[in-house]
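Data file: run24.cif. Format and content: mmCIF, C-alpha atoms.
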```
data_run
loop_
_atom_site.label_atom_id
_atom_site.label_comp_id
_atom_site.auth_asym_id
_atom_site.auth_seq_id
_atom_site.Cartn_x
_atom_site.Cartn_y
_atom_site.Cartn_z
CA MET A 1 16.64 -7.98 -36.13
CA SER A 2 16.01 -9.83 -32.88
CA ASN A 3 12.91 -9.21 -30.81
CA LYS A 4 14.70 -10.15 -27.57
CA ILE A 5 16.62 -8.12 -25.05
CA ILE A 6 19.27 -10.37 -23.51
CA HIS A 7 21.68 -9.80 -20.61
CA SER A 8 24.10 -12.13 -18.92
CA GLY A 9 24.09 -11.97 -15.15
CA VAL A 10 24.91 -13.59 -11.83
CA ILE A 11 22.35 -14.71 -9.25
CA LYS A 12 22.86 -12.62 -6.11
CA SER A 13 20.06 -14.07 -3.99
CA ILE A 14 17.07 -16.36 -4.22
CA GLY A 15 13.58 -15.65 -2.92
CA VAL A 16 10.50 -17.87 -2.65
CA ASP A 17 9.57 -17.57 -6.33
CA CYS A 18 12.10 -15.01 -7.50
CA LEU A 19 15.75 -14.87 -8.47
CA TYR A 20 17.59 -11.60 -7.94
CA VAL A 21 20.07 -11.34 -10.77
CA GLU A 22 22.81 -8.75 -11.04
CA ILE A 23 23.38 -7.62 -14.61
CA MET A 24 25.81 -5.18 -16.15
CA GLN A 25 23.83 -2.67 -18.17
CA ALA A 26 26.25 -1.11 -20.62
CA SER A 27 25.85 1.79 -22.99
CA ALA A 28 26.45 1.16 -26.68
CA CYS A 29 30.11 2.10 -26.52
CA ALA A 30 30.93 0.39 -23.22
CA ASP A 31 31.92 -2.79 -25.04
CA CYS A 32 34.30 -0.91 -27.32
CA ARG A 33 38.02 -1.73 -27.05
CA VAL A 34 38.97 1.91 -26.44
CA ALA A 35 36.06 2.78 -24.16
CA GLY A 36 38.36 2.99 -21.13
CA ASN A 37 40.43 5.69 -22.81
CA CYS A 38 37.69 7.95 -24.14
CA HIS A 39 35.65 8.14 -20.91
CA ALA A 40 32.42 8.20 -22.91
CA SER A 41 31.39 4.70 -21.95
CA GLU A 42 28.89 4.13 -19.20
CA ALA A 43 28.08 0.88 -17.46
CA LYS A 44 25.77 0.32 -14.50
CA VAL A 45 25.24 -2.70 -12.29
CA LYS A 46 21.53 -3.40 -11.83
CA VAL A 47 19.63 -6.09 -9.97
CA VAL A 48 16.54 -7.43 -11.71
CA ASP A 49 13.81 -9.65 -10.28
CA ALA A 50 13.28 -12.72 -12.44
CA TYR A 51 10.24 -14.67 -11.28
CA CYS A 52 10.64 -18.40 -11.71
CA ARG A 53 8.53 -21.44 -10.81
CA ASP A 54 11.52 -23.69 -10.19
CA VAL A 55 14.01 -21.67 -8.14
CA ALA A 56 15.49 -24.87 -6.71
CA ARG A 57 17.33 -25.44 -10.02
CA TYR A 58 19.46 -22.36 -9.43
CA HIS A 59 22.02 -21.36 -6.82
CA VAL A 60 23.64 -18.11 -5.69
CA GLY A 61 26.64 -17.16 -7.82
CA GLU A 62 25.46 -19.06 -10.89
CA ARG A 63 25.73 -17.30 -14.25
CA VAL A 64 22.39 -17.04 -16.05
CA ILE A 65 20.83 -15.39 -19.08
CA VAL A 66 18.07 -12.87 -18.36
CA SER A 67 15.87 -12.02 -21.32
CA THR A 68 12.67 -10.30 -22.25
CA THR A 69 11.00 -9.17 -25.43
CA SER A 70 11.26 -5.67 -26.80
CA GLN A 71 7.48 -5.39 -26.39
CA VAL A 72 7.87 -5.94 -22.62
CA GLY A 73 10.66 -3.35 -22.62
CA LEU A 74 8.32 -0.91 -24.34
CA MET A 75 5.60 -1.51 -21.72
CA ALA A 76 8.11 -0.89 -18.94
CA MET A 77 9.14 2.39 -20.60
CA LEU A 78 5.51 3.45 -20.89
CA TYR A 79 4.82 2.83 -17.18
CA ALA A 80 8.09 4.36 -16.00
CA TYR A 81 8.50 7.35 -18.31
CA LEU A 82 5.77 8.15 -20.81
CA PHE A 83 2.63 7.82 -18.65
CA PRO A 84 4.00 9.88 -15.74
CA LEU A 85 5.24 12.51 -18.20
CA MET A 86 1.80 12.70 -19.81
CA VAL A 87 0.10 13.00 -16.41
CA LEU A 88 2.58 15.65 -15.29
CA MET A 89 2.31 17.75 -18.46
CA THR A 90 -1.50 17.50 -18.61
CA THR A 91 -1.78 18.63 -14.99
CA LEU A 92 0.72 21.41 -15.55
CA ILE A 93 -1.19 22.78 -18.55
CA LEU A 94 -4.68 22.42 -17.03
CA VAL A 95 -3.77 24.01 -13.70
CA ARG A 96 -1.89 26.81 -15.46
CA ILE A 97 -4.94 27.55 -17.62
CA CYS A 98 -7.36 27.43 -14.67
CA THR A 99 -5.32 29.36 -12.10
CA ARG A 100 -2.95 31.44 -14.27
CA SER A 101 -0.31 30.67 -11.66
CA ASP A 102 2.99 29.07 -12.61
CA GLY A 103 3.69 28.16 -8.99
CA TRP A 104 0.43 26.27 -8.46
CA ALA A 105 0.79 24.60 -11.84
CA ALA A 106 4.28 23.36 -11.00
CA LEU A 107 3.32 22.17 -7.51
CA SER A 108 0.20 20.44 -8.81
CA ALA A 109 2.12 18.74 -11.61
CA LEU A 110 4.62 17.33 -9.14
CA ALA A 111 1.95 16.42 -6.58
CA ILE A 112 -0.11 14.47 -9.14
CA LEU A 113 2.75 12.01 -9.46
CA ILE A 114 2.14 10.82 -5.89
CA PRO A 115 -1.26 9.25 -6.72
CA TYR A 116 0.19 7.95 -10.02
CA TYR A 117 2.90 5.99 -8.22
CA ILE A 118 0.45 4.83 -5.54
CA VAL A 119 -1.82 3.42 -8.27
CA LEU A 120 1.22 1.83 -9.91
CA TYR A 121 2.10 0.22 -6.56
CA LEU A 122 -1.46 -1.03 -6.03
CA PHE A 123 -1.48 -2.66 -9.48
CA ARG A 124 2.04 -4.10 -9.17
CA GLU A 125 0.84 -7.71 -9.38
CA ARG A 126 -1.02 -7.07 -12.62
CA ILE A 127 1.94 -5.13 -14.00
CA LYS A 128 4.29 -7.92 -12.95
CA ASP A 129 2.37 -10.23 -15.31
CA GLN A 130 2.93 -7.80 -18.19
CA VAL A 131 6.50 -6.72 -17.42
CA HIS A 132 8.61 -9.77 -16.65
CA PHE A 133 11.99 -11.34 -17.30
CA ASN A 134 12.70 -14.88 -18.45
CA ILE A 135 15.68 -16.70 -17.02
CA GLU A 136 17.71 -19.63 -18.26
CA GLN A 137 20.95 -21.24 -17.26
CA GLU A 138 23.98 -20.05 -19.18
CA SER A 139 25.53 -22.80 -21.27
CA ASN A 140 29.29 -23.14 -20.83
#
```
Starting from the file, lay out its structure as structure tokens.
Amino acid sequence: MSNKIIHSGVIKSIGVDCLYVEIMQASACADCRVAGNCHASEAKVKVVDAYCRDVARYHVGERVIVSTTSQVGLMAMLYAYLFPLMVLMTTLILVRICTRSDGWAALSALAILIPYYIVLYLFRERIKDQVHFNIEQESN
């Protein structure tokens, strides 16, 4: 089983040290031959930031391969889903125990996410080193 997550995409724009690549993120059945008939398939267009030292090699409209490891995907899931859920649930339980008020517990649990996302924003450069995409030119 491969340790890589690979998507084919098209470069939409080029920044100073970053390529903005549009990829088609498809559900497991979106590639099925009958997916159009069963309406169960789901596909989304997403733009990912692929940081690159040599952006001059690429041009807008070029097809590229965007890849990352499953370990990087796991880290992204932790930052985006698991950690905020843990913070939210811990706050909800603690405030409910201390105040015996469902309303305050719910408001506090939602409000605690504001500092979480502020901290995430402040550490974005460090996180960018951990959660990153590799890019390579697609061979024809």
Query raised in the report: Selected by the PyMOL selection byres ((chain A and resi 54-71) around 7) in the shown coordinates: which residues, as a list in words?
Result: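 Applying the expression gives Asn3, Lys4, Ile5, Ile6, His7, Ser8, Gly9, Val10, Ile11, Lys12, Ser13, Ile14, Asp17, Cys18, Cys52, Arg53, Val72, Gly73, Leu74, Met75, His132, Phe133, Asn134, Ile135, Glu136, Gln137 and Glu138 of chain A.
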Query - Nearest candidate to Lys128 (chain A) (options A:Met24, A:Ala76, A:Leu94, A:Leu19; using all atoms listed in the file) - result: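 Checking each of A:Met24, A:Ala76, A:Leu94, A:Leu19 against Lys128 (chain A), counting all atoms listed in the file, the winner is A:Ala76.
CA of Ala106 (chain A) is found 22.3 Å from CA of Leu78 (chain A).
Taking CA of Tyr121 (chain A) and CA of Ser108 (chain A) as the two end points, the separation is 20.4 Å.
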Requested in this report: Could you jot down the CA of Asp129 (chain A) to CA of Val48 (chain A) separation for me, Å, one decimal place?
Outcome: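 Interatomic distance here is 14.9 Å.
Compared by their closest atoms to Leu120 (chain A), and using all atoms listed in the file, the residues A:Leu85, A:Val47, A:Ile23, A:Ala80 rank with A:Ala80 nearest.
Residue nearest Arg124 (chain A), chosen from A:Tyr79, A:Met86, A:Ser139, A:Gly15 and counting only C-alpha atoms: A:Tyr79.
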Requested in this report: Choose the residue, out of A:Met77, A:Val45, A:Leu92, A:Ile127, that has the smallest atom-to-atom separation from Trp104 (chain A); count all atoms listed in the file.
Outcome: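 Looking at the shortest contact to Trp104 (chain A), the residue is A:Leu92.
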Query raised in the report: Pick the closest to Ile112 (chain A) from A:Leu88, A:Gln130, A:Glu125, A:Ile97: which is it, counting all atoms listed in the file?
Result: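 The shortest atom-to-atom distance to Ile112 (chain A) comes from A:Leu88.
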